[in-house]
>>> print(open('upload.txt').read())   # compact mmCIF, N, CA and C atoms
# COMPACT_ATOMS: atom_id res chain seq x y z
N MET A 1 89.62 99.68 124.43
CA MET A 1 90.84 100.27 123.93
C MET A 1 90.66 100.62 122.46
N LYS A 2 90.99 101.85 122.10
CA LYS A 2 90.89 102.31 120.72
C LYS A 2 92.26 102.79 120.26
N VAL A 3 92.69 102.27 119.10
CA VAL A 3 93.98 102.64 118.52
C VAL A 3 93.73 103.32 117.19
N LEU A 4 94.46 104.40 116.94
CA LEU A 4 94.38 105.11 115.67
C LEU A 4 95.74 105.04 115.00
N PHE A 5 95.77 104.52 113.78
CA PHE A 5 97.00 104.45 113.00
C PHE A 5 96.98 105.59 111.98
N VAL A 6 98.10 106.30 111.89
CA VAL A 6 98.18 107.47 111.02
C VAL A 6 99.37 107.33 110.07
N CYS A 7 99.11 107.66 108.79
CA CYS A 7 100.20 107.77 107.82
C CYS A 7 99.91 109.02 106.97
N LYS A 8 100.57 109.14 105.85
CA LYS A 8 100.42 110.36 105.06
C LYS A 8 99.05 110.49 104.41
N ALA A 9 98.65 109.49 103.59
CA ALA A 9 97.42 109.63 102.81
C ALA A 9 96.32 108.63 103.18
N ASN A 10 96.61 107.71 104.09
CA ASN A 10 95.64 106.69 104.51
C ASN A 10 95.25 105.77 103.36
N VAL A 11 96.24 105.42 102.54
CA VAL A 11 96.00 104.45 101.46
C VAL A 11 96.97 103.28 101.53
N GLY A 12 97.84 103.25 102.52
CA GLY A 12 98.83 102.18 102.60
C GLY A 12 99.09 101.73 104.02
N ARG A 13 100.10 102.29 104.63
CA ARG A 13 100.58 101.82 105.94
C ARG A 13 99.51 101.81 107.02
N SER A 14 98.79 102.89 107.17
CA SER A 14 97.80 102.95 108.26
C SER A 14 96.63 102.01 108.00
N GLN A 15 96.25 101.84 106.75
CA GLN A 15 95.17 100.89 106.42
C GLN A 15 95.62 99.46 106.71
N MET A 16 96.88 99.15 106.37
CA MET A 16 97.41 97.81 106.67
C MET A 16 97.41 97.58 108.17
N ALA A 17 97.92 98.56 108.91
CA ALA A 17 98.01 98.42 110.37
C ALA A 17 96.64 98.25 111.00
N GLU A 18 95.66 99.02 110.54
CA GLU A 18 94.30 98.91 111.08
C GLU A 18 93.76 97.50 110.88
N ALA A 19 93.88 96.97 109.66
CA ALA A 19 93.34 95.64 109.35
C ALA A 19 94.06 94.56 110.16
N ILE A 20 95.37 94.66 110.24
CA ILE A 20 96.14 93.66 110.98
C ILE A 20 95.80 93.72 112.46
N PHE A 21 95.74 94.92 113.02
CA PHE A 21 95.41 95.07 114.44
C PHE A 21 94.04 94.47 114.74
N ASN A 22 93.04 94.84 113.94
CA ASN A 22 91.69 94.34 114.20
C ASN A 22 91.62 92.82 114.07
N SER A 23 92.43 92.25 113.21
CA SER A 23 92.49 90.80 113.07
C SER A 23 93.13 90.15 114.30
N LEU A 24 94.23 90.73 114.77
CA LEU A 24 94.98 90.12 115.87
C LEU A 24 94.37 90.39 117.25
N ALA A 25 93.65 91.50 117.39
CA ALA A 25 93.15 91.89 118.71
C ALA A 25 91.97 91.04 119.18
N GLY A 26 91.39 90.27 118.30
CA GLY A 26 90.32 89.36 118.69
C GLY A 26 89.12 90.03 119.33
N GLY A 27 88.82 91.27 118.93
CA GLY A 27 87.66 91.97 119.47
C GLY A 27 87.89 92.62 120.82
N LYS A 28 89.09 92.46 121.39
CA LYS A 28 89.39 93.06 122.70
C LYS A 28 89.70 94.55 122.60
N ALA A 29 89.99 95.01 121.39
CA ALA A 29 90.27 96.41 121.11
C ALA A 29 89.96 96.65 119.65
N THR A 30 89.83 97.91 119.26
CA THR A 30 89.56 98.24 117.87
C THR A 30 90.54 99.29 117.36
N ALA A 31 90.76 99.24 116.07
CA ALA A 31 91.64 100.22 115.44
C ALA A 31 90.91 100.92 114.32
N ASN A 32 91.34 102.12 114.05
CA ASN A 32 90.89 102.91 112.93
C ASN A 32 92.15 103.50 112.31
N SER A 33 92.00 104.17 111.18
CA SER A 33 93.16 104.77 110.55
C SER A 33 92.77 106.06 109.86
N ALA A 34 93.79 106.90 109.61
CA ALA A 34 93.56 108.18 108.95
C ALA A 34 94.87 108.67 108.36
N GLY A 35 94.75 109.65 107.46
CA GLY A 35 95.92 110.24 106.84
C GLY A 35 96.04 111.71 107.15
N VAL A 36 97.27 112.17 107.32
CA VAL A 36 97.50 113.59 107.59
C VAL A 36 97.16 114.42 106.37
N TYR A 37 97.57 113.94 105.19
CA TYR A 37 97.34 114.66 103.93
C TYR A 37 96.79 113.71 102.86
N PRO A 38 95.54 113.28 102.94
CA PRO A 38 95.03 112.36 101.93
C PRO A 38 94.86 112.99 100.56
N GLY A 39 94.69 114.30 100.51
CA GLY A 39 94.56 114.99 99.23
C GLY A 39 93.49 114.38 98.36
N SER A 40 93.83 114.11 97.11
CA SER A 40 92.85 113.59 96.14
C SER A 40 92.42 112.15 96.44
N TYR A 41 93.12 111.47 97.36
CA TYR A 41 92.74 110.11 97.73
C TYR A 41 91.55 110.08 98.69
N GLU A 42 91.28 111.18 99.38
CA GLU A 42 90.24 111.21 100.40
C GLU A 42 88.90 110.73 99.84
N GLY A 43 88.30 109.77 100.56
CA GLY A 43 87.00 109.24 100.18
C GLY A 43 87.05 108.16 99.11
N LYS A 44 88.23 107.87 98.59
CA LYS A 44 88.36 106.84 97.56
C LYS A 44 88.69 105.50 98.19
N ARG A 45 88.25 104.44 97.52
CA ARG A 45 88.51 103.07 97.98
C ARG A 45 89.98 102.71 97.78
N ILE A 46 90.49 101.91 98.70
CA ILE A 46 91.88 101.46 98.61
C ILE A 46 92.08 100.63 97.33
N SER A 47 91.06 99.92 96.89
CA SER A 47 91.19 99.14 95.65
C SER A 47 91.48 100.04 94.45
N GLU A 48 91.05 101.31 94.50
CA GLU A 48 91.31 102.27 93.42
C GLU A 48 92.67 102.93 93.56
N THR A 49 93.08 103.19 94.78
CA THR A 49 94.28 104.00 95.02
C THR A 49 95.51 103.19 95.39
N GLY A 50 95.31 101.98 95.88
CA GLY A 50 96.44 101.18 96.33
C GLY A 50 96.31 99.72 95.95
N PRO A 51 96.39 99.38 94.66
CA PRO A 51 96.21 97.99 94.27
C PRO A 51 97.24 97.04 94.91
N ASN A 52 98.46 97.51 95.10
CA ASN A 52 99.47 96.66 95.76
C ASN A 52 99.13 96.43 97.22
N VAL A 53 98.54 97.44 97.85
CA VAL A 53 98.11 97.31 99.25
C VAL A 53 97.01 96.25 99.33
N THR A 54 96.01 96.39 98.47
CA THR A 54 94.91 95.44 98.44
C THR A 54 95.41 94.02 98.21
N ALA A 55 96.31 93.85 97.25
CA ALA A 55 96.82 92.52 96.91
C ALA A 55 97.65 91.91 98.04
N CYS A 56 98.55 92.67 98.63
CA CYS A 56 99.41 92.07 99.67
C CYS A 56 98.63 91.78 100.94
N MET A 57 97.58 92.54 101.21
CA MET A 57 96.74 92.25 102.37
C MET A 57 95.86 91.03 102.11
N LYS A 58 95.38 90.91 100.88
CA LYS A 58 94.57 89.74 100.51
C LYS A 58 95.39 88.47 100.66
N ASP A 59 96.69 88.56 100.37
CA ASP A 59 97.59 87.40 100.50
C ASP A 59 97.66 86.89 101.94
N MET A 60 97.36 87.75 102.90
CA MET A 60 97.34 87.29 104.29
C MET A 60 95.92 87.11 104.81
N GLY A 61 94.97 87.09 103.88
CA GLY A 61 93.59 86.81 104.25
C GLY A 61 92.79 88.00 104.75
N LEU A 62 93.27 89.21 104.50
CA LEU A 62 92.58 90.41 104.96
C LEU A 62 92.15 91.25 103.76
N ASP A 63 90.89 91.63 103.71
CA ASP A 63 90.35 92.40 102.60
C ASP A 63 90.20 93.86 103.01
N VAL A 64 91.00 94.73 102.40
CA VAL A 64 90.91 96.17 102.67
C VAL A 64 90.40 96.93 101.44
N SER A 65 89.97 96.21 100.42
CA SER A 65 89.62 96.83 99.14
C SER A 65 88.52 97.89 99.24
N ASP A 66 87.57 97.72 100.13
CA ASP A 66 86.48 98.68 100.25
C ASP A 66 86.73 99.76 101.30
N LYS A 67 87.87 99.73 101.95
CA LYS A 67 88.20 100.77 102.93
C LYS A 67 88.41 102.10 102.21
N LEU A 68 87.99 103.19 102.85
CA LEU A 68 88.11 104.52 102.26
C LEU A 68 89.22 105.32 102.94
N SER A 69 89.91 106.12 102.15
CA SER A 69 90.92 107.02 102.70
C SER A 69 90.21 108.14 103.47
N LYS A 70 90.70 108.40 104.69
CA LYS A 70 90.08 109.40 105.55
C LYS A 70 91.14 110.40 106.03
N LYS A 71 90.73 111.65 106.18
CA LYS A 71 91.62 112.69 106.70
C LYS A 71 91.59 112.67 108.23
N LEU A 72 92.77 112.76 108.82
CA LEU A 72 92.90 112.82 110.27
C LEU A 72 92.21 114.07 110.81
N THR A 73 91.44 113.88 111.89
CA THR A 73 90.80 115.01 112.56
C THR A 73 91.20 114.99 114.03
N GLU A 74 91.06 116.12 114.66
CA GLU A 74 91.37 116.20 116.09
C GLU A 74 90.44 115.30 116.89
N GLY A 75 89.19 115.17 116.45
CA GLY A 75 88.23 114.29 117.11
C GLY A 75 88.67 112.83 117.08
N MET A 76 89.18 112.40 115.93
CA MET A 76 89.68 111.02 115.83
C MET A 76 90.80 110.78 116.84
N ALA A 77 91.70 111.73 116.91
CA ALA A 77 92.84 111.60 117.82
C ALA A 77 92.39 111.62 119.28
N SER A 78 91.44 112.48 119.60
CA SER A 78 91.00 112.57 121.00
C SER A 78 90.21 111.34 121.41
N ASN A 79 89.54 110.68 120.47
CA ASN A 79 88.77 109.47 120.78
C ASN A 79 89.64 108.23 120.93
N ALA A 80 90.89 108.30 120.49
CA ALA A 80 91.79 107.15 120.56
C ALA A 80 92.55 107.14 121.88
N ASP A 81 92.81 105.92 122.37
CA ASP A 81 93.64 105.77 123.56
C ASP A 81 95.13 105.80 123.20
N ILE A 82 95.43 105.33 122.00
CA ILE A 82 96.79 105.31 121.48
C ILE A 82 96.74 105.78 120.04
N VAL A 83 97.70 106.63 119.65
CA VAL A 83 97.84 107.06 118.27
C VAL A 83 99.21 106.62 117.79
N VAL A 84 99.23 105.76 116.78
CA VAL A 84 100.49 105.28 116.21
C VAL A 84 100.70 105.98 114.88
N SER A 85 101.78 106.76 114.79
CA SER A 85 102.07 107.50 113.57
C SER A 85 103.22 106.86 112.81
N MET A 86 103.05 106.77 111.50
CA MET A 86 104.11 106.27 110.63
C MET A 86 104.70 107.41 109.80
N VAL A 87 104.34 108.64 110.15
CA VAL A 87 104.98 109.83 109.60
C VAL A 87 105.74 110.50 110.73
N SER A 88 106.69 111.35 110.38
CA SER A 88 107.51 112.01 111.40
C SER A 88 106.66 112.94 112.26
N LYS A 89 107.14 113.17 113.46
CA LYS A 89 106.42 113.99 114.43
C LYS A 89 106.10 115.38 113.87
N ASP A 90 107.05 115.97 113.14
CA ASP A 90 106.84 117.32 112.62
C ASP A 90 105.82 117.37 111.47
N THR A 91 105.45 116.23 110.93
CA THR A 91 104.42 116.16 109.89
C THR A 91 103.03 116.16 110.51
N LEU A 92 102.94 115.79 111.77
CA LEU A 92 101.64 115.70 112.46
C LEU A 92 101.11 117.07 112.84
N PRO A 93 99.79 117.20 113.00
CA PRO A 93 99.21 118.44 113.50
C PRO A 93 99.74 118.73 114.90
N SER A 94 99.79 119.99 115.28
CA SER A 94 100.36 120.40 116.57
C SER A 94 99.68 119.71 117.75
N TYR A 95 98.37 119.45 117.65
CA TYR A 95 97.67 118.81 118.77
C TYR A 95 98.15 117.39 119.04
N LEU A 96 98.85 116.78 118.11
CA LEU A 96 99.36 115.42 118.33
C LEU A 96 100.85 115.38 118.64
N GLN A 97 101.59 116.39 118.24
CA GLN A 97 103.04 116.37 118.34
C GLN A 97 103.57 116.13 119.75
N SER A 98 102.88 116.63 120.75
CA SER A 98 103.34 116.44 122.13
C SER A 98 102.38 115.58 122.95
N SER A 99 101.51 114.86 122.27
CA SER A 99 100.53 114.03 122.96
C SER A 99 101.19 112.84 123.65
N ALA A 100 100.75 112.57 124.86
CA ALA A 100 101.27 111.41 125.62
C ALA A 100 100.82 110.09 125.01
N LYS A 101 99.77 110.11 124.20
CA LYS A 101 99.27 108.87 123.60
C LYS A 101 99.95 108.54 122.27
N LEU A 102 100.90 109.38 121.82
CA LEU A 102 101.55 109.21 120.53
C LEU A 102 102.70 108.22 120.59
N ILE A 103 102.70 107.28 119.63
CA ILE A 103 103.80 106.34 119.41
C ILE A 103 104.27 106.54 117.98
N LEU A 104 105.57 106.67 117.77
CA LEU A 104 106.12 106.86 116.43
C LEU A 104 106.76 105.57 115.93
N TRP A 105 106.36 105.14 114.74
CA TRP A 105 106.96 103.98 114.09
C TRP A 105 107.64 104.47 112.81
N GLY A 106 108.92 104.21 112.67
CA GLY A 106 109.66 104.60 111.48
C GLY A 106 109.49 103.58 110.36
N ILE A 107 108.38 103.65 109.66
CA ILE A 107 108.10 102.72 108.56
C ILE A 107 107.96 103.52 107.27
N LYS A 108 108.75 103.15 106.28
CA LYS A 108 108.77 103.87 105.01
C LYS A 108 107.43 103.80 104.29
N ASP A 109 107.17 104.85 103.51
CA ASP A 109 105.98 104.92 102.68
C ASP A 109 106.18 104.03 101.44
N PRO A 110 105.32 103.04 101.23
CA PRO A 110 105.50 102.14 100.08
C PRO A 110 104.90 102.66 98.77
N ARG A 111 104.38 103.87 98.77
CA ARG A 111 103.62 104.39 97.63
C ARG A 111 104.31 104.17 96.29
N LEU A 112 105.61 104.40 96.20
CA LEU A 112 106.32 104.26 94.92
C LEU A 112 107.00 102.90 94.78
N MET A 113 106.74 101.99 95.69
CA MET A 113 107.35 100.67 95.65
C MET A 113 106.50 99.70 94.83
N ASP A 114 107.16 98.65 94.34
CA ASP A 114 106.45 97.59 93.63
C ASP A 114 105.77 96.67 94.65
N TYR A 115 105.17 95.61 94.14
CA TYR A 115 104.45 94.68 95.01
C TYR A 115 105.36 94.11 96.10
N ALA A 116 106.58 93.70 95.74
CA ALA A 116 107.51 93.13 96.72
C ALA A 116 107.82 94.13 97.83
N GLY A 117 107.94 95.39 97.47
CA GLY A 117 108.17 96.43 98.47
C GLY A 117 106.99 96.58 99.42
N HIS A 118 105.79 96.47 98.87
CA HIS A 118 104.59 96.53 99.71
C HIS A 118 104.54 95.35 100.68
N VAL A 119 104.92 94.18 100.20
CA VAL A 119 104.95 93.00 101.07
C VAL A 119 105.95 93.20 102.20
N GLU A 120 107.11 93.76 101.89
CA GLU A 120 108.12 94.02 102.92
C GLU A 120 107.59 95.00 103.98
N ILE A 121 106.95 96.08 103.53
CA ILE A 121 106.37 97.05 104.45
C ILE A 121 105.25 96.40 105.27
N ARG A 122 104.40 95.63 104.61
CA ARG A 122 103.33 94.92 105.32
C ARG A 122 103.89 94.03 106.41
N ASN A 123 104.96 93.32 106.11
CA ASN A 123 105.57 92.43 107.09
C ASN A 123 106.16 93.20 108.27
N GLN A 124 106.74 94.37 108.00
CA GLN A 124 107.24 95.22 109.09
C GLN A 124 106.09 95.68 109.97
N ILE A 125 105.01 96.09 109.34
CA ILE A 125 103.83 96.55 110.09
C ILE A 125 103.25 95.39 110.90
N TYR A 126 103.15 94.22 110.30
CA TYR A 126 102.63 93.06 111.01
C TYR A 126 103.43 92.80 112.28
N LYS A 127 104.74 92.83 112.17
CA LYS A 127 105.61 92.59 113.32
C LYS A 127 105.37 93.64 114.42
N LYS A 128 105.30 94.91 114.03
CA LYS A 128 105.08 95.98 115.01
C LYS A 128 103.69 95.88 115.65
N VAL A 129 102.68 95.57 114.85
CA VAL A 129 101.32 95.45 115.38
C VAL A 129 101.24 94.26 116.33
N LYS A 130 101.86 93.16 115.96
CA LYS A 130 101.86 91.98 116.82
C LYS A 130 102.50 92.30 118.18
N GLU A 131 103.60 93.06 118.17
CA GLU A 131 104.25 93.49 119.41
C GLU A 131 103.32 94.39 120.23
N LEU A 132 102.61 95.31 119.55
CA LEU A 132 101.68 96.21 120.24
C LEU A 132 100.55 95.43 120.88
N VAL A 133 99.98 94.48 120.15
CA VAL A 133 98.90 93.66 120.68
C VAL A 133 99.38 92.90 121.92
N LYS A 134 100.60 92.39 121.87
CA LYS A 134 101.16 91.69 123.02
C LYS A 134 101.35 92.64 124.21
N GLU A 135 101.88 93.83 123.95
CA GLU A 135 102.08 94.83 125.02
C GLU A 135 100.76 95.21 125.68
N LEU A 136 99.70 95.24 124.89
CA LEU A 136 98.39 95.61 125.42
C LEU A 136 97.66 94.44 126.05
N ASN A 137 98.31 93.27 126.07
CA ASN A 137 97.73 92.05 126.65
C ASN A 137 96.40 91.67 126.03
N LEU A 138 96.33 91.74 124.70
CA LEU A 138 95.13 91.36 123.98
C LEU A 138 95.32 89.94 123.44
N ASN A 139 94.25 89.22 123.35
CA ASN A 139 94.33 87.86 122.77
C ASN A 139 94.66 87.95 121.30
N GLN A 140 95.60 87.15 120.87
CA GLN A 140 95.98 87.13 119.47
C GLN A 140 95.33 85.94 118.77
N ARG A 141 94.76 86.23 117.60
CA ARG A 141 94.15 85.16 116.80
C ARG A 141 95.19 84.41 116.00
N LYS A 142 96.20 85.12 115.48
CA LYS A 142 97.18 84.49 114.58
C LYS A 142 98.55 84.54 115.18
>>> encode(input="upload.txt", output="structure tokens")
Amino acid sequence: MKVLFVCKANVGRSQMAEAIFNSLAGGKATANSAGVYPGSYEGKRISETGPNVTACMKDMGLDVSDKLSKKLTEGMASNADIVVSMVSKDTLPSYLQSSAKLILWGIKDPRLMDYAGHVEIRNQIYKKVKELVKELNLNQRK
């Protein structure tokens, strides 16, 4: 099972979701992440672009500092069994908008939030990922 998490720039929500999923899935499935519009963040480390993301994930024992922001491609989407988007459907490329594998999560972008805001978003993502792992009948580590 392959899951792809998508957000706007791939420096926050989708990176958090990928790390949490891979931690909870216990090797029974894998996740990747990408951004619809990474812009100038593309190819940069999360430690450079999202210090609050790095810090709040480290607080839960997950290191995302060396993860790179990646642009969503049609190949990434086609290789995934499930695509979880944290941006609105109309923000997604047309090939994903009507895809049967698409799941939409209404989670706010923490980009302009302080550390506490990032923790709140991380906790929302953790809860949603934990529910997804349970729905997929994967062994949970935490």
>>> atom_distance(input="upload.txt", atom1="CA of Asp63 in chain A", atom2="atom N of Ser88 in chain A")
26.2 Å
>>> closest_residue(input="upload.txt", among="A:Leu102, A:Thr91, A:Gly43, A:Arg122", to="Leu62 in chain A", atoms="only C-alpha atoms")
A:Arg122
>>> atom_distance(input="upload.txt", atom1="atom C of Ile82 in chain A", atom2="atom C of Tyr115 in chain A")
28.0 Å
>>> atom_distance(input="upload.txt", atom1="atom C of Pro93 in chain A", atom2="CA of Thr73 in chain A")
10.0 Å
>>> select_by_dssp(input="upload.txt", residues="range 12-136 of chain A", states="strand (DSSP E or B)", output="ChimeraX atom specification")
/A:30-35,42,45,68-69,71,82-85,102-104
>>> residues_near_point(input="upload.txt", point="(99.4, 93.8, 115.3)", cutoff="7 Å", atoms="all atoms listed in the file", output="list in words")
Ala17, Ile20, Phe21, Asn22, Leu24, Ala25, Ile125, Tyr126, Lys127, Lys128, Val129, Lys130, Glu131, Leu132, Val133 and Lys134 of chain A
>>> residues_around(input="upload.txt", residues="Lys2 in chain A", least_positions_apart="3", cutoff="9 Å", atoms="only C-alpha atoms", output="ChimeraX atom specification")
/A:29-32,79-83
>>> residues_near_point(input="upload.txt", point="(96.6, 104.2, 113.3)", cutoff="5 Å", atoms="only N, CA and C atoms", output="ChimeraX atom specification")
/A:3-6,32-33,84
>>> select_by_dssp(input="upload.txt", residues="range 9-44 of chain A", states="alpha helix (DSSP H)", output="JSON, numbers by chain")
{"A": [13, 14, 15, 16, 17, 18, 19, 20, 21, 22, 23, 24]}
>>> closest_residue(input="upload.txt", among="A:Leu138, A:Leu96, A:Lys108, A:Glu74", to="Gly27 in chain A", atoms="only N, CA and C atoms")
A:Leu138
>>> closest_residue(input="upload.txt", among="A:Glu42, A:Glu135, A:Glu48, A:Asp90", to="Ser69 in chain A", atoms="only N, CA and C atoms")
A:Glu42
